[in-house]
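Dumped protein_39.json below, it's JSON, C-alpha atoms:
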[["chain", "number", "residue", "atom", "x", "y", "z"],
["A", 1, "MET", "CA", -4.25, -63.18, 51.50],
["A", 2, "PRO", "CA", -6.58, -66.17, 50.84],
["A", 3, "SER", "CA", -10.26, -65.43, 50.42],
["A", 4, "ALA", "CA", -12.59, -66.17, 53.30],
["A", 5, "ARG", "CA", -14.20, -69.57, 53.10],
["A", 6, "LYS", "CA", -17.93, -69.45, 52.39],
["A", 7, "LYS", "CA", -20.09, -70.53, 55.28],
["A", 8, "PRO", "CA", -21.78, -73.84, 54.46],
["A", 9, "ILE", "CA", -25.54, -74.07, 54.23],
["A", 10, "ARG", "CA", -26.69, -76.79, 56.60],
["A", 11, "SER", "CA", -30.37, -76.90, 55.68],
["A", 12, "ILE", "CA", -31.72, -78.78, 52.69],
["A", 13, "ILE", "CA", -33.75, -77.63, 49.71],
["A", 14, "GLU", "CA", -37.26, -78.92, 50.38],
["A", 15, "THR", "CA", -39.69, -76.04, 49.69],
["A", 16, "PRO", "CA", -40.18, -73.29, 47.08],
["A", 17, "ASP", "CA", -39.12, -70.81, 49.76],
["A", 18, "ASP", "CA", -35.69, -72.47, 49.83],
["A", 19, "ILE", "CA", -35.44, -71.93, 46.07],
["A", 20, "LYS", "CA", -36.38, -68.27, 46.50],
["A", 21, "ARG", "CA", -33.73, -67.83, 49.19],
["A", 22, "GLY", "CA", -31.07, -69.37, 46.97],
["A", 23, "CYS", "CA", -32.09, -67.23, 44.00],
["A", 24, "ARG", "CA", -31.83, -64.05, 46.04],
["A", 25, "ARG", "CA", -28.31, -64.99, 47.06],
["A", 26, "LEU", "CA", -27.26, -66.01, 43.55],
["A", 27, "ARG", "CA", -28.39, -62.65, 42.18],
["A", 28, "LYS", "CA", -25.86, -61.02, 44.47],
["A", 29, "LEU", "CA", -23.10, -63.54, 43.78],
["A", 30, "CYS", "CA", -23.20, -63.50, 39.97],
["A", 31, "PRO", "CA", -24.49, -60.85, 37.50],
["A", 32, "ARG", "CA", -25.02, -63.48, 34.78],
["A", 33, "MET", "CA", -27.08, -65.61, 37.14],
["A", 34, "LYS", "CA", -29.13, -62.51, 37.90],
["A", 35, "ASP", "CA", -29.82, -62.18, 34.16],
["A", 36, "VAL", "CA", -30.84, -65.85, 34.00],
["A", 37, "HIS", "CA", -33.18, -65.40, 36.96],
["A", 38, "ASP", "CA", -34.69, -62.26, 35.40],
["A", 39, "LEU", "CA", -35.59, -64.35, 32.34],
["A", 40, "ILE", "CA", -36.61, -67.61, 34.00],
["A", 41, "GLY", "CA", -37.91, -66.62, 37.41],
["A", 42, "ASP", "CA", -37.72, -69.10, 40.27],
["A", 43, "PRO", "CA", -36.99, -72.59, 38.89],
["A", 44, "PRO", "CA", -38.98, -75.70, 39.85],
["A", 45, "LEU", "CA", -38.22, -77.40, 43.17],
["A", 46, "ARG", "CA", -37.59, -80.79, 41.51],
["A", 47, "ARG", "CA", -37.47, -82.81, 44.73],
["A", 48, "ARG", "CA", -37.82, -86.58, 44.39],
["A", 49, "GLU", "CA", -38.31, -89.54, 46.63],
["A", 50, "GLY", "CA", -35.02, -90.86, 48.01],
["A", 51, "GLY", "CA", -33.90, -94.34, 48.88],
["A", 52, "PHE", "CA", -33.96, -97.26, 46.48],
["A", 53, "PRO", "CA", -36.86, -95.90, 44.36],
["A", 54, "GLY", "CA", -35.09, -92.55, 44.01],
["A", 55, "LEU", "CA", -31.82, -94.06, 42.82],
["A", 56, "ALA", "CA", -33.69, -96.48, 40.56],
["A", 57, "ARG", "CA", -35.43, -93.58, 38.88],
["A", 58, "ILE", "CA", -32.10, -91.86, 38.27],
["A", 59, "VAL", "CA", -30.76, -95.02, 36.64],
["A", 60, "VAL", "CA", -33.83, -95.27, 34.43],
["A", 61, "GLY", "CA", -33.37, -91.66, 33.30],
["A", 62, "GLN", "CA", -29.69, -91.93, 32.37],
["A", 63, "GLN", "CA", -29.03, -90.61, 28.84],
["A", 64, "LEU", "CA", -32.72, -90.20, 28.05],
["A", 65, "SER", "CA", -34.94, -87.21, 27.41],
["A", 66, "ILE", "CA", -37.27, -86.26, 30.26],
["A", 67, "ALA", "CA", -40.30, -87.51, 28.31],
["A", 68, "SER", "CA", -38.73, -90.89, 27.51],
["A", 69, "ALA", "CA", -37.44, -91.32, 31.05],
["A", 70, "ASP", "CA", -40.86, -90.53, 32.54],
["A", 71, "ALA", "CA", -42.60, -92.97, 30.19],
["A", 72, "ILE", "CA", -40.27, -95.84, 31.08],
["A", 73, "TRP", "CA", -40.31, -94.95, 34.77],
["A", 74, "ASN", "CA", -44.12, -95.16, 34.83],
["A", 75, "LYS", "CA", -43.90, -98.68, 33.43],
["A", 76, "VAL", "CA", -41.26, -99.67, 35.98],
["A", 77, "ALA", "CA", -43.15, -98.16, 38.92],
["A", 78, "HIS", "CA", -46.36, -99.94, 37.96],
["A", 79, "GLY", "CA", -44.72, -103.17, 36.86],
["A", 80, "ILE", "CA", -42.67, -103.72, 40.02],
["A", 81, "ALA", "CA", -44.83, -103.25, 43.09],
["A", 82, "PRO", "CA", -43.78, -102.55, 45.70],
["A", 83, "LEU", "CA", -40.63, -101.03, 44.23],
["A", 84, "GLU", "CA", -38.14, -102.45, 46.71],
["A", 85, "PRO", "CA", -34.75, -104.14, 46.27],
["A", 86, "GLU", "CA", -36.11, -107.63, 46.97],
["A", 87, "THR", "CA", -39.01, -107.19, 44.54],
["A", 88, "LEU", "CA", -36.78, -106.00, 41.73],
["A", 89, "ALA", "CA", -34.19, -108.70, 42.37],
["A", 90, "ALA", "CA", -36.91, -111.33, 41.97],
["A", 91, "GLN", "CA", -37.77, -110.16, 38.44],
["A", 92, "SER", "CA", -36.30, -111.95, 35.44],
["A", 93, "ASP", "CA", -34.15, -110.04, 32.98],
["A", 94, "GLU", "CA", -36.83, -110.54, 30.34],
["A", 95, "ALA", "CA", -39.53, -109.07, 32.58],
["A", 96, "LEU", "CA", -37.38, -106.02, 33.24],
["A", 97, "ARG", "CA", -36.57, -105.63, 29.55],
["A", 98, "GLN", "CA", -40.29, -105.68, 28.72],
["A", 99, "LEU", "CA", -40.66, -102.59, 30.91],
["A", 100, "GLY", "CA", -38.44, -100.69, 28.49],
["A", 101, "LEU", "CA", -35.13, -101.05, 30.32],
["A", 102, "SER", "CA", -31.93, -101.56, 28.37],
["A", 103, "ARG", "CA", -29.62, -104.43, 29.29],
["A", 104, "PRO", "CA", -27.04, -102.11, 30.93],
["A", 105, "LYS", "CA", -29.78, -100.52, 33.05],
["A", 106, "VAL", "CA", -31.14, -103.90, 34.07],
["A", 107, "LYS", "CA", -27.65, -104.83, 35.22],
["A", 108, "THR", "CA", -27.18, -101.57, 37.13],
["A", 109, "LEU", "CA", -30.57, -101.85, 38.84],
["A", 110, "ARG", "CA", -29.72, -105.40, 39.89],
["A", 111, "ASN", "CA", -26.40, -104.16, 41.29],
["A", 112, "VAL", "CA", -28.21, -101.47, 43.30],
["A", 113, "ALA", "CA", -30.77, -103.97, 44.59],
["A", 114, "GLU", "CA", -28.06, -106.44, 45.57],
["A", 115, "ALA", "CA", -26.05, -103.74, 47.35],
["A", 116, "ALA", "CA", -29.13, -102.69, 49.33],
["A", 117, "ILE", "CA", -30.06, -106.27, 50.24],
["A", 118, "ALA", "CA", -26.48, -107.01, 51.34],
["A", 119, "GLY", "CA", -26.37, -103.86, 53.45],
["A", 120, "ASN", "CA", -23.57, -102.34, 51.41],
["A", 121, "ILE", "CA", -25.54, -99.14, 51.02],
["A", 122, "ASP", "CA", -27.58, -97.45, 53.75],
["A", 123, "PHE", "CA", -30.03, -95.07, 52.11],
["A", 124, "ALA", "CA", -31.24, -93.71, 55.44],
["A", 125, "SER", "CA", -27.75, -92.63, 56.46],
["A", 126, "LEU", "CA", -27.23, -90.85, 53.13],
["A", 127, "GLN", "CA", -29.86, -88.28, 54.08],
["A", 128, "THR", "CA", -27.51, -86.70, 56.63],
["A", 129, "ALA", "CA", -24.15, -87.73, 55.14],
["A", 130, "GLN", "CA", -21.55, -85.41, 53.66],
["A", 131, "PRO", "CA", -21.46, -85.20, 49.85],
["A", 132, "GLU", "CA", -18.17, -87.12, 49.73],
["A", 133, "GLU", "CA", -19.69, -90.04, 51.66],
["A", 134, "VAL", "CA", -22.77, -90.09, 49.44],
["A", 135, "HIS", "CA", -20.54, -90.25, 46.37],
["A", 136, "ALA", "CA", -18.38, -92.96, 47.92],
["A", 137, "GLN", "CA", -21.32, -95.21, 48.75],
["A", 138, "LEU", "CA", -23.15, -94.72, 45.48],
["A", 139, "THR", "CA", -20.22, -94.92, 43.06],
["A", 140, "ALA", "CA", -19.03, -98.11, 44.75],
["A", 141, "ILE", "CA", -21.97, -99.76, 42.96],
["A", 142, "SER", "CA", -21.10, -100.85, 39.43],
["A", 143, "GLY", "CA", -23.01, -98.72, 36.93],
["A", 144, "ILE", "CA", -23.46, -95.74, 39.26],
["A", 145, "GLY", "CA", -21.12, -92.91, 38.31],
["A", 146, "PRO", "CA", -20.51, -89.36, 39.55],
["A", 147, "TRP", "CA", -23.41, -87.91, 37.52],
["A", 148, "SER", "CA", -25.93, -90.26, 39.15],
["A", 149, "ALA", "CA", -24.49, -89.50, 42.59],
["A", 150, "ASP", "CA", -24.73, -85.75, 41.90],
["A", 151, "ILE", "CA", -28.36, -86.04, 40.81],
["A", 152, "TYR", "CA", -29.17, -88.05, 43.94],
["A", 153, "CYS", "CA", -27.58, -85.33, 46.09],
["A", 154, "LEU", "CA", -29.51, -82.62, 44.24],
["A", 155, "PHE", "CA", -33.01, -84.07, 44.04],
["A", 156, "CYS", "CA", -33.30, -86.98, 46.48],
["A", 157, "ILE", "CA", -31.44, -85.35, 49.38],
["A", 158, "GLY", "CA", -31.81, -81.68, 48.42],
["A", 159, "MET", "CA", -28.26, -80.57, 49.17],
["A", 160, "PRO", "CA", -28.11, -76.79, 48.56],
["A", 161, "ASP", "CA", -24.54, -76.85, 47.25],
["A", 162, "ALA", "CA", -24.70, -80.02, 45.14],
["A", 163, "PHE", "CA", -23.95, -79.66, 41.44],
["A", 164, "ALA", "CA", -23.64, -81.91, 38.38],
["A", 165, "PRO", "CA", -20.82, -80.54, 36.21],
["A", 166, "ALA", "CA", -20.87, -83.55, 33.87],
["A", 167, "ASP", "CA", -24.50, -82.92, 32.90],
["A", 168, "LEU", "CA", -24.65, -81.98, 29.22],
["A", 169, "ALA", "CA", -27.71, -79.76, 29.60],
["A", 170, "LEU", "CA", -25.98, -77.75, 32.34],
["A", 171, "GLN", "CA", -22.87, -77.42, 30.19],
["A", 172, "GLU", "CA", -24.90, -76.20, 27.22],
["A", 173, "ALA", "CA", -26.92, -73.79, 29.35],
["A", 174, "ALA", "CA", -23.70, -72.34, 30.75],
["A", 175, "ARG", "CA", -22.29, -71.98, 27.22],
["A", 176, "ILE", "CA", -25.27, -69.89, 26.17],
["A", 177, "ALA", "CA", -25.63, -67.90, 29.39],
["A", 178, "PHE", "CA", -21.93, -67.00, 29.56],
["A", 179, "ASP", "CA", -21.36, -66.59, 25.82],
["A", 180, "PHE", "CA", -18.70, -69.30, 25.65],
["A", 181, "GLU", "CA", -17.54, -70.28, 22.18],
["A", 182, "SER", "CA", -17.82, -73.96, 23.04],
["A", 183, "ARG", "CA", -19.50, -76.06, 25.68],
["A", 184, "PRO", "CA", -17.43, -76.11, 28.89],
["A", 185, "SER", "CA", -16.00, -79.40, 30.09],
["A", 186, "ALA", "CA", -17.05, -80.89, 33.42],
["A", 187, "LEU", "CA", -13.90, -79.48, 35.00],
["A", 188, "GLU", "CA", -14.42, -76.03, 33.51],
["A", 189, "LEU", "CA", -18.06, -75.95, 34.62],
["A", 190, "SER", "CA", -17.10, -77.14, 38.09],
["A", 191, "GLU", "CA", -14.61, -74.27, 38.36],
["A", 192, "LEU", "CA", -17.19, -71.77, 37.09],
["A", 193, "ALA", "CA", -19.74, -73.04, 39.62],
["A", 194, "GLU", "CA", -17.45, -72.21, 42.53],
["A", 195, "ARG", "CA", -18.74, -68.64, 42.37],
["A", 196, "TRP", "CA", -22.27, -69.90, 43.12],
["A", 197, "SER", "CA", -21.36, -71.73, 46.31],
["A", 198, "PRO", "CA", -23.04, -72.38, 48.73],
["A", 199, "TRP", "CA", -26.10, -72.34, 46.44],
["A", 200, "ARG", "CA", -24.89, -74.40, 43.49],
["A", 201, "GLY", "CA", -27.95, -76.63, 43.83],
["A", 202, "VAL", "CA", -30.21, -73.69, 43.03],
["A", 203, "ALA", "CA", -27.86, -72.50, 40.27],
["A", 204, "ALA", "CA", -28.18, -75.93, 38.66],
["A", 205, "ARG", "CA", -31.97, -75.68, 38.74],
["A", 206, "LEU", "CA", -31.81, -72.21, 37.18],
["A", 207, "LEU", "CA", -29.57, -73.44, 34.38],
["A", 208, "TRP", "CA", -31.76, -76.46, 33.69],
["A", 209, "ALA", "CA", -34.79, -74.19, 33.46],
["A", 210, "TYR", "CA", -32.76, -71.87, 31.21],
["A", 211, "TYR", "CA", -31.82, -74.80, 28.98],
["A", 212, "ALA", "CA", -35.47, -75.76, 28.68],
["A", 213, "ARG", "CA", -36.05, -72.31, 27.15],
["A", 214, "LYS", "CA", -33.26, -72.89, 24.62],
["A", 215, "PRO", "CA", -35.40, -72.38, 21.48],
["A", 216, "VAL", "CA", -36.18, -68.89, 22.83],
["A", 217, "ILE", "CA", -32.77, -67.90, 24.18],
["A", 218, "GLN", "CA", -30.45, -69.59, 21.67],
["A", 219, "ARG", "CA", -28.00, -67.09, 20.19]]
Structure rendered as structure tokens:
Amino acid sequence: MPSARKKPIRSIIETPDDIKRGCRRLRKLCPRMKDVHDLIGDPPLRRREGGFPGLARIVVGQQLSIASADAIWNKVAHGIAPLEPETLAAQSDEALRQLGLSRPKVKTLRNVAEAAIAGNIDFASLQTAQPEEVHAQLTAISGIGPWSADIYCLFCIGMPDAFAPADLALQEAARIAFDFESRPSALELSELAERWSPWRGVAARLLWAYYARKPVIQR
């Protein structure tokens, strides 16, 4: 007999109380996640502004440490004001490069700006869209892949059940927490995360916080 389908969570993660609620549920769903929560406590909320600035920040942070991403983002946010598609599109490649952006990221940011200006992406509608539609709209933009779409769902929209299985920090945190011999692939982590539904968004935050403690917990 097939297992009962988990009831979806329709609210969004927008307050610390939402994180607490998700943690309480995860402790019941998964003993290992209970152990992680015992060590870490409630993880940070990590909500971000949505829309064009939110996606731009995700692009800036791709494949960078948090410190490096924050430093470059501060330059971008102050160097392009107001941070809107039309304002960014008006910048020269050289001006964008002087803000610390790599050539691929300049190209991706231009693609995002052009898509917004042309009306090919509606950021307002993404706030209430299903995850599949958010992924479809975002990944249709050249340079925006599944990881970026997952991060947008997690932090800019606050979807409780969003997850980012391709994130290397999540994979490494799962390896340590679950005593895996090697880091799980995106597919393996996605399958593991099914047990945390419908609170995978909080599970991701717990694992990121756990990863940040790696020098302490590394075995």
Legend entry - Interatomic distance, atom CA of A:Pro104 to atom CA of A:Gly143 (Å, one decimal):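 Value for the atom CA of A:Pro104-atom CA of A:Gly143 distance: 8.0 Å.
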Inset, instruction - Go through A:Ser197, A:Thr128, A:Thr139, A:Gln91 and flag the residue nearest A:Val112, using all atoms listed in the file for the distances. - result: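 Of A:Ser197, A:Thr128, A:Thr139, A:Gln91, the one nearest A:Val112, counting all atoms listed in the file, is A:Thr139.
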For A:Glu86, please output as a compact mmCIF listing (two decimals) with C-alpha atoms, keeping the file's coordinate frame all residues within 10 Å (counting only C-alpha atoms; exclusion window: fewer than 4 positions along the same chain).
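Written out: part-v8.txt:
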# COMPACT_ATOMS: atom_id res chain seq x y z
CA PRO A 82 -43.78 -102.55 45.70
CA ALA A 90 -36.91 -111.33 41.97
CA GLN A 91 -37.77 -110.16 38.44
CA ARG A 110 -29.72 -105.40 39.89
CA ALA A 113 -30.77 -103.97 44.59
CA GLU A 114 -28.06 -106.44 45.57
CA ALA A 116 -29.13 -102.69 49.33
CA ILE A 117 -30.06 -106.27 50.24
Inset, instruction - For A:Cys30, list every protein, DNA or RNA residue within 10 Å, evaluated using all atoms listed in the file, and leave out those in the same chain fewer than 6 positions away; present the list as a PyMOL selection string. - result: chain A and resi 36+195-196
Legend entry - Which residue of A:Leu138, A:Leu206, A:Ile40, A:Ile12 approaches A:Ala173 most closely, using only C-alpha atoms: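 Closest residue, counting only C-alpha atoms: A:Leu206.
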Inset, instruction - Would you work out the distance separating atom CA of A:Asp167 from atom CA of A:Trp147, expressed in Å to one decimal? - result: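 Separation of atom CA of A:Asp167 and atom CA of A:Trp147: 6.9 Å.
In this structure, atom CA of A:Asp38 sits 14.5 Å away from atom CA of A:Val202.
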Inset, instruction - Rank nothing, just name the residue among A:Ser148, A:Gln171, A:Thr87, A:Gln130 nearest to A:Val60, using all atoms listed in the file. - result: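 Between A:Ser148, A:Gln171, A:Thr87, A:Gln130, the residue approaching A:Val60 most closely is A:Ser148.
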Legend entry - Residue contacts of A:Leu109 (10 Å, all atoms listed in the file) excluding same-chain residues fewer than 6 positions away, as a PyMOL selection string: chain A and resi 52+55-57+59-60+85+88-89+96+101+103+115+141-144
Inset, instruction - For A:Leu192, list every protein, DNA or RNA residue within 10 Å, evaluated using only C-alpha atoms, and leave out those in the same chain fewer than 5 positions away; present the list as a PyMOL selection string. - result: chain A and resi 165+174+184+186-187
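Residue nearest A:Ser190, chosen from A:Ala166, A:Leu83, A:Ala212, A:Ile121 and counting only C-alpha atoms: A:Ala166.
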Inset, instruction - Determine, counting only C-alpha atoms, every residue of protein, DNA or RNA that lies within 8 Å of (-37.0, -69.8, 43.6) in the file coordinates, then give the result as a ChimeraX atom specification. - result: /A:16-23,41-45,202
Inset, instruction - For A:Ile13, work out the shell of residues within 7 Å, counting only C-alpha atoms and skipping chain neighbours fewer than 2 positions away, then give it as a list in words. - result: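 Near neighbours after the sequence-gap exclusion: Ser11, Thr15, Asp18, Ile19, Gly158, Met159 and Pro160 of chain A.
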Legend entry - Which residue of A:Leu170, A:Tyr211, A:Leu154, A:Thr108 approaches A:Ala140 most closely, using only C-alpha atoms: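 Answer, going by the shortest atom-to-atom distance: A:Thr108.
Compared by their closest atoms to A:Asn120, and using all atoms listed in the file, the residues A:Val106, A:Ala203, A:Leu99, A:Ala136 rank with A:Ala136 nearest.
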Quick one: axis-aligned box around all listed atoms of stretch 32-50 of chain A, 4 Å on every side, centre and edge lengths in Å to one decimal, written as JSON.
{"center_x": -32.0, "center_y": -76.5, "center_z": 40.2, "size_x": 22.0, "size_y": 36.7, "size_z": 23.7}
Only N, CA and C atoms needed: put stretch 36-71 of chain A from the block into a file as an mmCIF file, in the first residue's frame.
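The resulting result.cif:
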data_model
loop_
_atom_site.group_PDB
_atom_site.id
_atom_site.type_symbol
_atom_site.label_atom_id
_atom_site.label_comp_id
_atom_site.auth_asym_id
_atom_site.auth_seq_id
_atom_site.Cartn_x
_atom_site.Cartn_y
_atom_site.Cartn_z
ATOM 1 N N VAL A 36 21.331 17.135 14.862
ATOM 2 C CA VAL A 36 21.869 18.380 14.298
ATOM 3 C C VAL A 36 21.273 19.579 15.023
ATOM 4 N N HIS A 37 19.968 19.543 15.251
ATOM 5 C CA HIS A 37 19.308 20.656 15.935
ATOM 6 C C HIS A 37 19.782 20.781 17.375
ATOM 7 N N ASP A 38 20.035 19.658 18.037
ATOM 8 C CA ASP A 38 20.551 19.692 19.410
ATOM 9 C C ASP A 38 21.890 20.435 19.458
ATOM 10 N N LEU A 39 22.701 20.251 18.425
ATOM 11 C CA LEU A 39 24.022 20.880 18.381
ATOM 12 C C LEU A 39 23.953 22.337 17.947
ATOM 13 N N ILE A 40 23.150 22.614 16.934
ATOM 14 C CA ILE A 40 23.132 23.928 16.302
ATOM 15 C C ILE A 40 22.110 24.878 16.910
ATOM 16 N N GLY A 41 20.972 24.329 17.347
ATOM 17 C CA GLY A 41 19.863 25.181 17.743
ATOM 18 C C GLY A 41 19.111 25.659 16.512
ATOM 19 N N ASP A 42 18.218 26.599 16.676
ATOM 20 C CA ASP A 42 17.471 27.113 15.531
ATOM 21 C C ASP A 42 18.421 27.853 14.588
ATOM 22 N N PRO A 43 18.390 27.542 13.294
ATOM 23 C CA PRO A 43 19.281 28.205 12.339
ATOM 24 C C PRO A 43 18.786 29.604 12.002
ATOM 25 N N PRO A 44 19.621 30.423 11.379
ATOM 26 C CA PRO A 44 19.204 31.774 10.987
ATOM 27 C C PRO A 44 18.066 31.739 9.970
ATOM 28 N N LEU A 45 17.270 32.808 9.955
ATOM 29 C CA LEU A 45 16.138 32.922 9.040
ATOM 30 C C LEU A 45 16.599 33.012 7.585
ATOM 31 N N ARG A 46 17.583 33.833 7.317
ATOM 32 C CA ARG A 46 18.211 33.969 5.997
ATOM 33 C C ARG A 46 17.220 34.393 4.900
ATOM 34 N N ARG A 47 16.276 35.240 5.223
ATOM 35 C CA ARG A 47 15.404 35.783 4.186
ATOM 36 C C ARG A 47 16.104 36.935 3.486
ATOM 37 N N ARG A 48 15.827 37.068 2.185
ATOM 38 C CA ARG A 48 16.423 38.124 1.379
ATOM 39 C C ARG A 48 15.347 38.830 0.562
ATOM 40 N N GLU A 49 15.705 39.999 0.114
ATOM 41 C CA GLU A 49 14.832 40.724 -0.802
ATOM 42 C C GLU A 49 14.643 39.898 -2.070
ATOM 43 N N GLY A 50 13.435 39.923 -2.617
ATOM 44 C CA GLY A 50 13.169 39.207 -3.862
ATOM 45 C C GLY A 50 13.326 40.103 -5.074
ATOM 46 N N GLY A 51 12.688 39.702 -6.153
ATOM 47 C CA GLY A 51 12.718 40.510 -7.365
ATOM 48 C C GLY A 51 14.075 40.530 -8.041
ATOM 49 N N PHE A 52 14.292 41.555 -8.857
ATOM 50 C CA PHE A 52 15.556 41.664 -9.582
ATOM 51 C C PHE A 52 16.757 41.773 -8.646
ATOM 52 N N PRO A 53 16.701 42.616 -7.595
ATOM 53 C CA PRO A 53 17.864 42.674 -6.687
ATOM 54 C C PRO A 53 18.177 41.333 -6.033
ATOM 55 N N GLY A 54 17.127 40.585 -5.670
ATOM 56 C CA GLY A 54 17.348 39.291 -5.033
ATOM 57 C C GLY A 54 18.041 38.305 -5.942
ATOM 58 N N LEU A 55 17.584 38.223 -7.192
ATOM 59 C CA LEU A 55 18.212 37.299 -8.134
ATOM 60 C C LEU A 55 19.619 37.775 -8.491
ATOM 61 N N ALA A 56 19.799 39.087 -8.605
ATOM 62 C CA ALA A 56 21.131 39.622 -8.895
ATOM 63 C C ALA A 56 22.117 39.244 -7.799
ATOM 64 N N ARG A 57 21.664 39.303 -6.561
ATOM 65 C CA ARG A 57 22.559 38.946 -5.459
ATOM 66 C C ARG A 57 22.935 37.474 -5.517
ATOM 67 N N ILE A 58 22.008 36.623 -5.900
ATOM 68 C CA ILE A 58 22.312 35.199 -6.028
ATOM 69 C C ILE A 58 23.361 34.977 -7.112
ATOM 70 N N VAL A 59 23.220 35.674 -8.223
ATOM 71 C CA VAL A 59 24.198 35.565 -9.313
ATOM 72 C C VAL A 59 25.576 36.000 -8.825
ATOM 73 N N VAL A 60 25.624 37.109 -8.114
ATOM 74 C CA VAL A 60 26.903 37.611 -7.606
ATOM 75 C C VAL A 60 27.563 36.588 -6.691
ATOM 76 N N GLY A 61 26.770 35.861 -5.904
ATOM 77 C CA GLY A 61 27.314 34.926 -4.935
ATOM 78 C C GLY A 61 27.658 33.552 -5.466
ATOM 79 N N GLN A 62 27.386 33.289 -6.738
ATOM 80 C CA GLN A 62 27.649 31.965 -7.294
ATOM 81 C C GLN A 62 29.131 31.603 -7.173
ATOM 82 N N GLN A 63 29.402 30.434 -6.594
ATOM 83 C CA GLN A 63 30.750 29.866 -6.494
ATOM 84 C C GLN A 63 31.724 30.752 -5.732
ATOM 85 N N LEU A 64 31.214 31.521 -4.777
ATOM 86 C CA LEU A 64 32.068 32.355 -3.945
ATOM 87 C C LEU A 64 31.794 32.062 -2.473
ATOM 88 N N SER A 65 32.773 32.344 -1.636
ATOM 89 C CA SER A 65 32.553 32.256 -0.201
ATOM 90 C C SER A 65 31.574 33.360 0.206
ATOM 91 N N ILE A 66 30.959 33.202 1.364
ATOM 92 C CA ILE A 66 30.013 34.213 1.838
ATOM 93 C C ILE A 66 30.696 35.569 1.973
ATOM 94 N N ALA A 67 31.910 35.589 2.507
ATOM 95 C CA ALA A 67 32.618 36.852 2.706
ATOM 96 C C ALA A 67 32.914 37.540 1.375
ATOM 97 N N SER A 68 33.397 36.772 0.400
ATOM 98 C CA SER A 68 33.706 37.349 -0.913
ATOM 99 C C SER A 68 32.450 37.835 -1.611
ATOM 100 N N ALA A 69 31.386 37.032 -1.525
ATOM 101 C CA ALA A 69 30.123 37.409 -2.161
ATOM 102 C C ALA A 69 29.568 38.691 -1.551
ATOM 103 N N ASP A 70 29.621 38.803 -0.218
ATOM 104 C CA ASP A 70 29.109 39.999 0.452
ATOM 105 C C ASP A 70 29.910 41.233 0.061
ATOM 106 N N ALA A 71 31.236 41.079 -0.046
ATOM 107 C CA ALA A 71 32.089 42.213 -0.390
ATOM 108 C C ALA A 71 31.777 42.734 -1.793
#
